[in-house]
$ cat coords_25.tsv   # TSV, C-alpha atoms
chain	number	residue	atom	x	y	z
D	1097	MET	CA	-135.65	-1.36	-25.77
D	1098	ASN	CA	-133.13	1.44	-25.45
D	1099	THR	CA	-134.80	4.29	-23.54
D	1100	LEU	CA	-131.62	6.32	-23.05
D	1101	PHE	CA	-131.87	10.01	-23.86
D	1102	PRO	CA	-128.81	11.05	-25.90
D	1103	ILE	CA	-127.22	14.38	-25.03
D	1104	PHE	CA	-123.90	16.08	-25.71
D	1105	LEU	CA	-122.43	17.69	-22.62
D	1106	LYS	CA	-120.21	20.76	-22.60
D	1107	LEU	CA	-117.67	19.03	-20.38
D	1108	GLU	CA	-115.32	21.99	-20.62
D	1109	GLN	CA	-117.81	23.86	-18.43
D	1110	LEU	CA	-117.98	21.05	-15.85
D	1111	ARG	CA	-115.67	19.61	-13.21
D	1112	VAL	CA	-115.18	15.88	-13.70
D	1113	LEU	CA	-113.85	13.40	-11.14
D	1114	ILE	CA	-112.44	10.08	-12.32
D	1115	VAL	CA	-111.95	7.56	-9.52
D	1116	GLY	CA	-109.40	4.93	-10.53
D	1117	GLY	CA	-105.82	5.16	-11.71
D	1118	GLY	CA	-105.51	1.86	-13.57
D	1119	TYR	CA	-106.32	0.83	-17.11
D	1120	VAL	CA	-110.01	1.82	-16.85
D	1121	GLY	CA	-109.09	5.23	-15.43
D	1122	LEU	CA	-106.68	5.70	-18.33
D	1123	GLU	CA	-109.38	4.72	-20.83
D	1124	LYS	CA	-111.93	7.12	-19.32
D	1125	LEU	CA	-109.45	10.01	-19.03
D	1126	THR	CA	-108.40	9.49	-22.65
D	1127	ALA	CA	-112.05	9.50	-23.78
D	1128	VAL	CA	-112.84	12.70	-21.88
D	1129	LEU	CA	-109.80	14.54	-23.22
D	1130	ALA	CA	-110.29	13.28	-26.80
D	1131	ASN	CA	-113.74	14.87	-26.85
D	1132	SER	CA	-113.25	17.88	-24.56
D	1133	PRO	CA	-109.54	18.59	-24.09
D	1134	ALA	CA	-110.00	21.63	-21.82
D	1135	THR	CA	-112.21	19.82	-19.28
D	1136	GLU	CA	-111.23	20.30	-15.65
D	1137	VAL	CA	-110.49	16.70	-14.64
D	1138	TYR	CA	-109.52	15.37	-11.25
D	1139	LEU	CA	-108.26	11.78	-11.21
D	1140	LEU	CA	-108.19	10.14	-7.79
D	1141	ALA	CA	-106.45	6.85	-6.93
D	1142	PRO	CA	-103.99	5.45	-4.40
D	1143	GLU	CA	-101.86	4.30	-7.36
D	1144	ILE	CA	-101.74	5.94	-10.80
D	1145	ARG	CA	-100.44	4.37	-14.02
D	1146	THR	CA	-97.42	5.95	-15.67
D	1147	GLU	CA	-99.44	6.61	-18.85
D	1148	ILE	CA	-101.93	8.69	-16.85
D	1149	LYS	CA	-99.08	10.72	-15.34
D	1150	GLU	CA	-97.68	11.33	-18.82
D	1151	ILE	CA	-101.06	12.56	-20.08
D	1152	ALA	CA	-101.51	14.79	-17.02
D	1153	ALA	CA	-98.12	16.37	-17.72
D	1154	GLU	CA	-99.47	17.51	-21.12
D	1155	TYR	CA	-102.78	18.89	-19.79
D	1156	PRO	CA	-102.64	21.59	-17.09
D	1157	ASN	CA	-106.40	21.08	-16.53
D	1158	VAL	CA	-105.84	17.47	-15.33
D	1159	ARG	CA	-105.07	17.14	-11.64
D	1160	LEU	CA	-103.89	13.87	-10.15
D	1161	ILE	CA	-104.76	13.07	-6.54
D	1162	LEU	CA	-102.77	10.23	-5.00
D	1163	ASP	CA	-105.15	9.13	-2.25
D	1164	THR	CA	-107.91	6.68	-1.40
D	1165	TYR	CA	-111.51	7.66	-2.02
D	1166	ALA	CA	-113.37	9.78	0.53
D	1167	PRO	CA	-116.78	11.46	0.01
D	1168	SER	CA	-115.19	14.90	0.36
D	1169	TYR	CA	-113.59	14.41	-3.07
D	1170	LEU	CA	-117.08	14.79	-4.56
D	1171	ASP	CA	-117.36	18.38	-3.32
D	1172	HIS	CA	-117.68	20.85	-6.19
D	1173	LYS	CA	-117.76	18.12	-8.84
D	1174	ASP	CA	-120.42	17.97	-11.54
D	1175	LEU	CA	-119.88	14.51	-12.99
D	1176	VAL	CA	-118.14	11.37	-11.72
D	1177	ILE	CA	-116.72	8.38	-13.58
D	1178	VAL	CA	-115.67	5.38	-11.50
D	1179	GLY	CA	-113.38	2.60	-12.65
D	1180	THR	CA	-111.54	0.98	-9.78
D	1181	ASN	CA	-110.97	-2.75	-9.42
D	1182	ASP	CA	-112.69	-2.66	-6.01
D	1183	LYS	CA	-116.45	-3.26	-6.33
D	1184	GLU	CA	-117.07	-1.98	-2.78
D	1185	VAL	CA	-115.35	1.33	-3.53
D	1186	ASN	CA	-117.25	1.62	-6.82
D	1187	LYS	CA	-120.57	1.05	-5.01
D	1188	GLN	CA	-119.68	3.52	-2.24
D	1189	VAL	CA	-118.80	6.25	-4.75
D	1190	GLN	CA	-122.08	5.60	-6.58
D	1191	GLN	CA	-124.11	5.82	-3.35
D	1192	ASP	CA	-122.32	9.02	-2.29
D	1193	CYS	CA	-122.97	10.55	-5.71
D	1194	LYS	CA	-126.68	9.70	-5.39
D	1195	THR	CA	-126.80	11.40	-1.98
D	1196	LYS	CA	-125.15	14.54	-3.40
D	1197	GLY	CA	-127.17	14.56	-6.64
D	1198	ILE	CA	-124.13	14.05	-8.86
D	1199	LEU	CA	-124.45	12.00	-12.05
D	1200	VAL	CA	-122.19	8.96	-12.02
D	1201	ASN	CA	-120.92	6.28	-14.38
D	1202	VAL	CA	-119.48	3.09	-12.91
D	1203	ALA	CA	-117.47	1.25	-15.54
D	1204	ASP	CA	-118.82	-2.16	-16.55
D	1205	THR	CA	-121.71	-1.92	-14.05
D	1206	PRO	CA	-124.78	-0.67	-15.95
D	1207	ASP	CA	-127.07	-0.97	-12.91
D	1208	LEU	CA	-125.01	1.65	-11.04
D	1209	CYS	CA	-124.85	4.14	-13.92
D	1210	ASP	CA	-126.84	7.31	-14.45
D	1211	PHE	CA	-125.31	7.57	-17.92
D	1212	TYR	CA	-123.13	5.54	-20.24
D	1213	LEU	CA	-120.09	6.70	-22.15
D	1214	SER	CA	-120.72	6.13	-25.82
D	1215	SER	CA	-118.43	5.13	-28.61
D	1216	VAL	CA	-117.87	8.28	-30.66
D	1217	VAL	CA	-117.33	8.93	-34.35
D	1218	LYS	CA	-115.77	12.33	-35.10
D	1219	LYS	CA	-115.38	13.89	-38.51
D	1220	GLY	CA	-114.71	17.61	-38.05
D	1221	ASP	CA	-117.75	19.15	-36.35
D	1222	LEU	CA	-119.83	16.02	-36.91
D	1223	LYS	CA	-119.97	13.82	-33.84
D	1224	ILE	CA	-122.02	10.63	-33.68
D	1225	ALA	CA	-122.47	8.82	-30.37
D	1226	ILE	CA	-123.19	5.09	-30.41
D	1227	SER	CA	-124.95	3.29	-27.57
D	1228	THR	CA	-125.81	-0.37	-27.09
D	1229	ASN	CA	-127.67	0.42	-23.87
D	1230	GLY	CA	-124.66	-0.89	-21.95
D	1231	LYS	CA	-124.98	-4.35	-23.48
D	1232	SER	CA	-121.87	-4.49	-25.69
D	1233	PRO	CA	-119.21	-1.77	-25.71
D	1234	THR	CA	-117.23	-3.99	-28.07
D	1235	PHE	CA	-119.98	-3.87	-30.70
D	1236	ALA	CA	-120.21	-0.07	-30.32
D	1237	LYS	CA	-116.45	0.19	-30.86
D	1238	ARG	CA	-116.56	-1.99	-33.99
D	1239	PHE	CA	-119.54	-0.08	-35.40
D	1240	ARG	CA	-117.66	3.20	-34.75
D	1241	GLU	CA	-114.74	1.85	-36.77
D	1242	VAL	CA	-117.06	1.01	-39.67
D	1243	LEU	CA	-118.61	4.50	-39.65
D	1244	GLU	CA	-115.21	6.20	-39.46
D	1245	GLU	CA	-114.13	4.31	-42.53
D	1246	ILE	CA	-117.21	4.97	-44.67
D	1247	LEU	CA	-117.82	8.63	-43.78
D	1248	PRO	CA	-115.87	10.93	-46.12
D	1249	ASP	CA	-113.20	13.28	-44.81
D	1250	THR	CA	-114.93	16.12	-46.71
D	1251	LEU	CA	-117.81	16.25	-44.21
D	1252	GLN	CA	-116.38	19.36	-42.53
D	1253	GLU	CA	-116.49	21.24	-45.81
D	1254	ILE	CA	-120.10	20.16	-46.34
D	1255	LEU	CA	-121.06	21.32	-42.83
D	1256	ASP	CA	-119.29	24.66	-43.30
D	1257	ASN	CA	-121.09	25.24	-46.61
D	1258	LEU	CA	-124.47	24.35	-45.10
D	1259	GLN	CA	-123.86	26.77	-42.26
D	1260	LEU	CA	-123.06	29.56	-44.72
D	1261	ILE	CA	-126.27	28.84	-46.62
D	1262	ARG	CA	-128.30	28.65	-43.39
D	1263	ASN	CA	-126.95	32.01	-42.23
D	1264	LYS	CA	-127.95	33.66	-45.53
D	1265	LEU	CA	-131.49	32.26	-45.67
D	1266	LYS	CA	-134.37	34.67	-45.07
D	1267	GLY	CA	-137.76	33.86	-43.65
D	1268	ASP	CA	-139.14	32.14	-40.59
D	1269	PHE	CA	-137.94	28.85	-39.15
D	1270	GLN	CA	-140.30	26.74	-41.28
D	1271	GLU	CA	-139.21	28.43	-44.53
D	1272	LYS	CA	-135.53	27.97	-43.67
D	1273	LEU	CA	-136.12	24.33	-42.77
D	1274	GLU	CA	-137.89	23.65	-46.07
D	1275	LYS	CA	-135.06	25.26	-48.05
D	1276	LEU	CA	-132.35	23.32	-46.17
D	1277	ASN	CA	-134.31	20.09	-46.65
D	1278	GLU	CA	-134.47	20.81	-50.39
D	1279	ILE	CA	-130.72	21.48	-50.56
D	1280	THR	CA	-129.78	18.33	-48.60
D	1281	LYS	CA	-132.07	15.93	-50.55
D	1282	VAL	CA	-129.07	15.00	-52.66
D	1283	MET	CA	-127.49	13.42	-49.57
D	1284	LYS	CA	-130.02	10.56	-49.53

$ encode --input "coords_25.tsv" --output "structure tokens"
Amino acid sequence: MNTLFPIFLKLEQLRVLIVGGGYVGLEKLTAVLANSPATEVYLLAPEIRTEIKEIAAEYPNVRLILDTYAPSYLDHKDLVIVGTNDKEVNKQVQQDCKTKGILVNVADTPDLCDFYLSSVVKKGDLKIAISTNGKSPTFAKRFREVLEEILPDTLQEILDNLQLIRNKLKGDFQEKLEKLNEITKVMK
């Protein structure tokens, strides 16, 4: 049973540390920036892939730190994503995050995660996060591809129109809800 509580974070208001400069670090950095391009991101690793350096050159809010992990790098960070190829380093970062009360995700190690990164479908302002409870990121990715293909590109226009209607409705919350439910019945 999936007991995860889905939330959408305003990452652009948080300071994110990514530990790992290899392929996994690249994947996590790309995911963060694709969803929240203005996020303050620190990426820490003793070696950093060229692709990461190229991305960092395009985003002034991404800072690369060429160093090995030390607990002091957690200072003033709100969220940590770990993806090194050293299981001992990954475990140490996770333990240090626990001590400091910082939420952490350790790539491909569900038992060490406070949260999972979901596969995301984006169509304008609509964002759908897909979770398999850490069991199969590959399935989540494939399901995302299916949803991206079947959801129409006109969804943004629909959302904009519904917002206009919602802003013009009079009455209390319940009355507005009933009216919006009536309008959107055609979407079934």

$ atom_distance --input "coords_25.tsv" --atom1 "atom CA of Lys1218 of chain D" --atom2 "atom CA of Glu1278 of chain D"
25.6 Å

$ closest_residue --input "coords_25.tsv" --among "D:Ala1130, D:Val1112, D:Ile1161, D:Ile1148" --to "Leu1175 of chain D" --atoms "all atoms listed in the file"
D:Val1112

$ residues_around --input "coords_25.tsv" --residues "Ala1225 of chain D" --least-positions-apart "4" --cutoff "9 Å" --atoms "only C-alpha atoms" --output "PyMOL selection string"
chain D and resi 1102+1104+1213-1218+1240

$ write_last_selection --input "coords_25.tsv" --atoms "C-alpha atoms" --output "PDB file, in the frame of the given file"
ATOM      1  CA  PRO D1102    -128.810  11.050 -25.900  1.00  0.00           C
ATOM      2  CA  PHE D1104    -123.900  16.080 -25.710  1.00  0.00           C
ATOM      3  CA  LEU D1213    -120.090   6.700 -22.150  1.00  0.00           C
ATOM      4  CA  SER D1214    -120.720   6.130 -25.820  1.00  0.00           C
ATOM      5  CA  SER D1215    -118.430   5.130 -28.610  1.00  0.00           C
ATOM      6  CA  VAL D1216    -117.870   8.280 -30.660  1.00  0.00           C
ATOM      7  CA  VAL D1217    -117.330   8.930 -34.350  1.00  0.00           C
ATOM      8  CA  LYS D1218    -115.770  12.330 -35.100  1.00  0.00           C
ATOM      9  CA  ARG D1240    -117.660   3.200 -34.750  1.00  0.00           C
TER      10      ARG D1240
END

$ residues_around --input "coords_25.tsv" --residues "Val1158 of chain D" --least-positions-apart "6" --cutoff "9 Å" --atoms "all atoms listed in the file" --output "NGL selection string"
:D and (1134-1139 or 1151-1152)

$ write_last_selection --input "coords_25.tsv" --atoms "C-alpha atoms" --output "mmCIF file, in the frame of the given file"
data_model
loop_
_atom_site.group_PDB
_atom_site.id
_atom_site.type_symbol
_atom_site.label_atom_id
_atom_site.label_comp_id
_atom_site.auth_asym_id
_atom_site.auth_seq_id
_atom_site.Cartn_x
_atom_site.Cartn_y
_atom_site.Cartn_z
ATOM 1 C CA ALA D 1134 -110.000 21.630 -21.820
ATOM 2 C CA THR D 1135 -112.210 19.820 -19.280
ATOM 3 C CA GLU D 1136 -111.230 20.300 -15.650
ATOM 4 C CA VAL D 1137 -110.490 16.700 -14.640
ATOM 5 C CA TYR D 1138 -109.520 15.370 -11.250
ATOM 6 C CA LEU D 1139 -108.260 11.780 -11.210
ATOM 7 C CA ILE D 1151 -101.060 12.560 -20.080
ATOM 8 C CA ALA D 1152 -101.510 14.790 -17.020
#

$ atom_distance --input "coords_25.tsv" --atom1 "atom CA of Thr1164 of chain D" --atom2 "atom CA of Lys1106 of chain D"
28.3 Å

$ closest_residue --input "coords_25.tsv" --among "D:Lys1219, D:Val1242, D:Ile1103, D:Val1115" --to "Gln1190 of chain D" --atoms "only C-alpha atoms"
D:Val1115

$ atom_distance --input "coords_25.tsv" --atom1 "atom CA of Glu1143 of chain D" --atom2 "atom CA of Leu1162 of chain D"
6.4 Å

$ closest_residue --input "coords_25.tsv" --among "D:Asn1181, D:Asn1201, D:Gln1270, D:Thr1099" --to "Gly1118 of chain D" --atoms "only C-alpha atoms"
D:Asn1181

$ residues_around --input "coords_25.tsv" --residues "Asp1174 of chain D" --least-positions-apart "2" --cutoff "12 Å" --atoms "all atoms listed in the file" --output "PyMOL selection string"
chain D and resi 1105-1114+1135-1138+1169-1172+1176-1177+1193+1196-1200

$ residues_around --input "coords_25.tsv" --residues "Gln1188 of chain D" --least-positions-apart "3" --cutoff "12 Å" --atoms "all atoms listed in the file" --output "list of chain:residue names"
D:Val1115, D:Tyr1165, D:Ala1166, D:Pro1167, D:Leu1170, D:Val1178, D:Thr1180, D:Asp1182, D:Lys1183, D:Glu1184, D:Val1185, D:Gln1191, D:Asp1192, D:Cys1193, D:Lys1194, D:Thr1195, D:Val1200, D:Val1202, D:Leu1208

$ write_last_selection --input "coords_25.tsv" --atoms "C-alpha atoms" --output "compact mmCIF listing (two decimals), in the frame of the given file"
# COMPACT_ATOMS: atom_id res chain seq x y z
CA VAL D 1115 -111.95 7.56 -9.52
CA TYR D 1165 -111.51 7.66 -2.02
CA ALA D 1166 -113.37 9.78 0.53
CA PRO D 1167 -116.78 11.46 0.01
CA LEU D 1170 -117.08 14.79 -4.56
CA VAL D 1178 -115.67 5.38 -11.50
CA THR D 1180 -111.54 0.98 -9.78
CA ASP D 1182 -112.69 -2.66 -6.01
CA LYS D 1183 -116.45 -3.26 -6.33
CA GLU D 1184 -117.07 -1.98 -2.78
CA VAL D 1185 -115.35 1.33 -3.53
CA GLN D 1191 -124.11 5.82 -3.35
CA ASP D 1192 -122.32 9.02 -2.29
CA CYS D 1193 -122.97 10.55 -5.71
CA LYS D 1194 -126.68 9.70 -5.39
CA THR D 1195 -126.80 11.40 -1.98
CA VAL D 1200 -122.19 8.96 -12.02
CA VAL D 1202 -119.48 3.09 -12.91
CA LEU D 1208 -125.01 1.65 -11.04

$ axis_aligned_box --input "coords_25.tsv" --around "segment 1273-1277 of chain D" --padding-each-side "5 Å" --output "JSON"
{"center_x": -135.1, "center_y": 22.7, "center_z": -45.4, "size_x": 15.5, "size_y": 15.2, "size_z": 15.3}

$ residues_around --input "coords_25.tsv" --residues "Asn1257 of chain D" --least-positions-apart "6" --cutoff "12 Å" --atoms "only C-alpha atoms" --output "PyMOL selection string"
chain D and resi 1250-1251+1263-1264+1276+1279-1280

$ closest_residue --input "coords_25.tsv" --among "D:Gly1230, D:Pro1248, D:Pro1156, D:Gly1116" --to "Pro1142 of chain D" --atoms "only C-alpha atoms"
D:Gly1116

$ closest_residue --input "coords_25.tsv" --among "D:Asn1131, D:Lys1187, D:Asp1210, D:Leu1140" --to "Ile1224 of chain D" --atoms "all atoms listed in the file"
D:Asn1131
